[in-house]
Amino acid sequence: MLMLRTGQTRFLEFREPGKPKCCSLCTVIFLLITLVWVLLGAGFLNLRNSRLGRQVGASEVGGELDGPQAVTLSRMVYPQPKVLTPSRKDVLVLTPWLAPIVWEGTFNIDILNEQFRLRNTTIGLTTFAIKKYVAFLELFLQTAEKHFMVGHKVTYYVFTDRPGDVPRVPLGEGRQVVVLEVRSYSRWQDVSMHRMEMISNFSRRRFLHEVDYLVCADVDMRFRDHVGVEILSPLFGTLHPGFYGAAREAFTYERRPQSQAHVPRDEGDFYYAGGFFGGSVAEVLRVTSACHQAMAVDRAHGIEAVWHDESHLNRYLLDHKPTKVLSPEYLWDEQLLGWPAVMKKLRYVTVPKSHRVIRD
């Protein structure tokens, strides 16, 4: 034993001959405590990750949640995707610019519902019930409640000149109807063309602050089967049921070079329907603003595109490729076209009517 003296403080050091210094008792205890904590922590993490569900904060879901709010991630079991087994062999499922074409059998709605639920997504559905078209609104809303974005938050934006005629339809939790009173026009063509202007204006004024996505749909239709979050994308268009199998030369594009909607006969990908399109609110604002401005230029030159707003929508989607394309399942006329085998489901279909009576 060696005793060292420094002032009045004594330090004792024990050393066995020929051996290095031993760790102090405090150091040994500290190492033991550290080892115990490491083992306990590993066991806790394994237990936490083995549970069927777990709580996560905003950082794990893109930082879109406010404050301490958490979302439950559920364990999901589903068939493994097969790289060598295509989902559909009878139809095109991917565009040349790598946008998916949505058909029945190409998506797993359970996976998609979970992803959009984690983002706390709200969807806006716009429709125009002008003049006699208000008669279609009740069936439109009733069937939307059964089939449109079920389980998600939805705001129905009803543009109408007859707010007193908007029916009261029972709505699910997190779903609401907002009536937007707008002026009418003498011709149905003018109503059709001014839709772009009205959607653009209201997107800027309120939709940007109220919903995440907008779906723009015709009112003289009904939802017949599931229409859900599989359609959502920054910008989507729907293949017109009358032209999905046609050559581009047969498309009813605006062919007059004087029009802003002009498409030459050797151009064109698909012919899109004007009755069902949408995307993020920002993208819908861009497309509707561009179409409205193009129509204003045409009007100043005394030109009216052959299919009005639909013609300008097709010109826009040719120049600005949609990030997702919906098959004709999402807009179909069974009375006119029957039910071909390629259509596994008819999701959004026309309501039998006399266009002459309604438009007059």
# chains A, B, ... in the order shown; residues from 1 in each chain; ligands from 1
>>> residues_around(residues="Ser259 (chain A)", least_positions_apart="6", cutoff="7 Å", atoms="only C-alpha atoms", output="ChimeraX atom specification")
/A:298,303,305
>>> residues_around(residues="Met198 (chain A)", least_positions_apart="6", cutoff="9 Å", atoms="only C-alpha atoms", output="number ranges by chain")
A: 159, 182, 288
>>> write_last_selection(atoms="N, CA, C and O atoms", output="PDB file, in the first residue's frame")
ATOM      1  N   PHE A 159     -72.588  24.271 -56.903  1.00  0.00           N
ATOM      2  CA  PHE A 159     -72.781  25.554 -57.584  1.00  0.00           C
ATOM      3  C   PHE A 159     -74.208  25.570 -58.141  1.00  0.00           C
ATOM      4  O   PHE A 159     -74.583  24.684 -58.926  1.00  0.00           O
ATOM      5  N   VAL A 182     -74.468  30.992 -57.641  1.00  0.00           N
ATOM      6  CA  VAL A 182     -73.856  31.620 -58.808  1.00  0.00           C
ATOM      7  C   VAL A 182     -74.951  32.022 -59.792  1.00  0.00           C
ATOM      8  O   VAL A 182     -76.096  31.572 -59.687  1.00  0.00           O
ATOM      9  N   THR A 288     -58.019  25.046 -64.583  1.00  0.00           N
ATOM     10  CA  THR A 288     -59.249  25.815 -64.815  1.00  0.00           C
ATOM     11  C   THR A 288     -58.936  27.260 -65.206  1.00  0.00           C
ATOM     12  O   THR A 288     -59.621  27.837 -66.046  1.00  0.00           O
TER      13      THR A 288
END
>>> closest_residue(among="A:Val306, A:Val281, A:Glu104, A:Met295", to="Arg205 (chain A)", atoms="only C-alpha atoms")
A:Val281
>>> residues_around(residues="Tyr316 (chain A)", least_positions_apart="4", cutoff="10 Å", atoms="only C-alpha atoms", output="list of chain:residue names")
A:Gln260, A:Ala261, A:Arg286, A:Val287, A:Thr288, A:Ala290, A:Cys291, A:Ala294, A:Glu310, A:Ser311, A:His312, A:His320, A:Lys321, A:Pro322
>>> select_by_dssp(residues="region 149-351 of chain A", states="strand (DSSP E)", output="ChimeraX atom specification")
/A:153-160,175-181,213-217,221-223,235-238,276-280,324-326,348-350
>>> write_last_selection(atoms="C-alpha atoms", output="PDB file, in the first residue's frame")
ATOM      1  CA  LYS A 153     -63.702  13.640 -45.137  1.00  0.00           C
ATOM      2  CA  VAL A 154     -65.653  15.129 -48.035  1.00  0.00           C
ATOM      3  CA  THR A 155     -67.053  18.564 -48.821  1.00  0.00           C
ATOM      4  CA  TYR A 156     -69.667  18.713 -51.584  1.00  0.00           C
ATOM      5  CA  TYR A 157     -69.473  22.111 -53.302  1.00  0.00           C
ATOM      6  CA  VAL A 158     -72.783  22.685 -55.093  1.00  0.00           C
ATOM      7  CA  PHE A 159     -72.781  25.554 -57.584  1.00  0.00           C
ATOM      8  CA  THR A 160     -76.378  26.574 -58.206  1.00  0.00           C
ATOM      9  CA  ARG A 175     -68.989  15.136 -44.699  1.00  0.00           C
ATOM     10  CA  GLN A 176     -70.840  18.345 -45.552  1.00  0.00           C
ATOM     11  CA  VAL A 177     -72.648  20.181 -48.343  1.00  0.00           C
ATOM     12  CA  VAL A 178     -71.619  23.758 -49.137  1.00  0.00           C
ATOM     13  CA  VAL A 179     -73.986  25.679 -51.427  1.00  0.00           C
ATOM     14  CA  LEU A 180     -72.338  28.280 -53.650  1.00  0.00           C
ATOM     15  CA  GLU A 181     -74.855  30.585 -55.295  1.00  0.00           C
ATOM     16  CA  TYR A 213     -58.003  17.573 -53.524  1.00  0.00           C
ATOM     17  CA  LEU A 214     -60.795  18.602 -55.873  1.00  0.00           C
ATOM     18  CA  VAL A 215     -62.898  16.277 -58.018  1.00  0.00           C
ATOM     19  CA  CYS A 216     -64.963  18.094 -60.659  1.00  0.00           C
ATOM     20  CA  ALA A 217     -67.987  16.086 -61.776  1.00  0.00           C
ATOM     21  CA  MET A 221     -74.862  11.188 -63.150  1.00  0.00           C
ATOM     22  CA  ARG A 222     -74.971   8.726 -60.301  1.00  0.00           C
ATOM     23  CA  PHE A 223     -72.340   6.769 -58.413  1.00  0.00           C
ATOM     24  CA  LEU A 235     -53.698  15.972 -61.859  1.00  0.00           C
ATOM     25  CA  PHE A 236     -56.024  13.314 -63.267  1.00  0.00           C
ATOM     26  CA  GLY A 237     -58.261  13.007 -66.310  1.00  0.00           C
ATOM     27  CA  THR A 238     -60.777  10.347 -67.339  1.00  0.00           C
ATOM     28  CA  PHE A 276     -64.837  13.943 -64.389  1.00  0.00           C
ATOM     29  CA  PHE A 277     -61.385  15.423 -63.750  1.00  0.00           C
ATOM     30  CA  GLY A 278     -59.436  16.832 -60.825  1.00  0.00           C
ATOM     31  CA  GLY A 279     -56.336  16.746 -58.694  1.00  0.00           C
ATOM     32  CA  SER A 280     -54.739  18.808 -55.978  1.00  0.00           C
ATOM     33  CA  LYS A 324     -52.966   9.654 -63.340  1.00  0.00           C
ATOM     34  CA  VAL A 325     -55.526   8.581 -65.951  1.00  0.00           C
ATOM     35  CA  LEU A 326     -58.866   7.028 -65.004  1.00  0.00           C
ATOM     36  CA  TYR A 348     -69.993   6.549 -62.241  1.00  0.00           C
ATOM     37  CA  VAL A 349     -72.757   6.348 -64.816  1.00  0.00           C
ATOM     38  CA  THR A 350     -75.165   8.577 -66.682  1.00  0.00           C
TER      39      THR A 350
END
>>> closest_residue(among="A:Trp332, A:Phe116, A:Tyr133, A:Phe207", to="Ala282 (chain A)", atoms="only C-alpha atoms")
A:Phe207
>>> residues_around(residues="Glu197 (chain A)", least_positions_apart="3", cutoff="10 Å", atoms="only C-alpha atoms", output="number ranges by chain")
A: 192-194, 200-203, 285, 288-293, 295-296
>>> select_by_dssp(residues="region 135-231 of chain A", states="helix (DSSP H, G or I)", output="VMD selection string")
chain A and resid 135 to 147 163 to 165 188 to 210 229 to 231
>>> atom_distance(atom1="CA of Ala300 (chain A)", atom2="CA of Gln189 (chain A)")
16.4 Å
>>> atom_distance(atom1="CA of Arg299 (chain A)", atom2="CA of Gln258 (chain A)")
11.2 Å
>>> closest_residue(among="A:Pro340, A:Ala246, A:Thr323, A:His308", to="Pro234 (chain A)", atoms="only C-alpha atoms")
A:Thr323
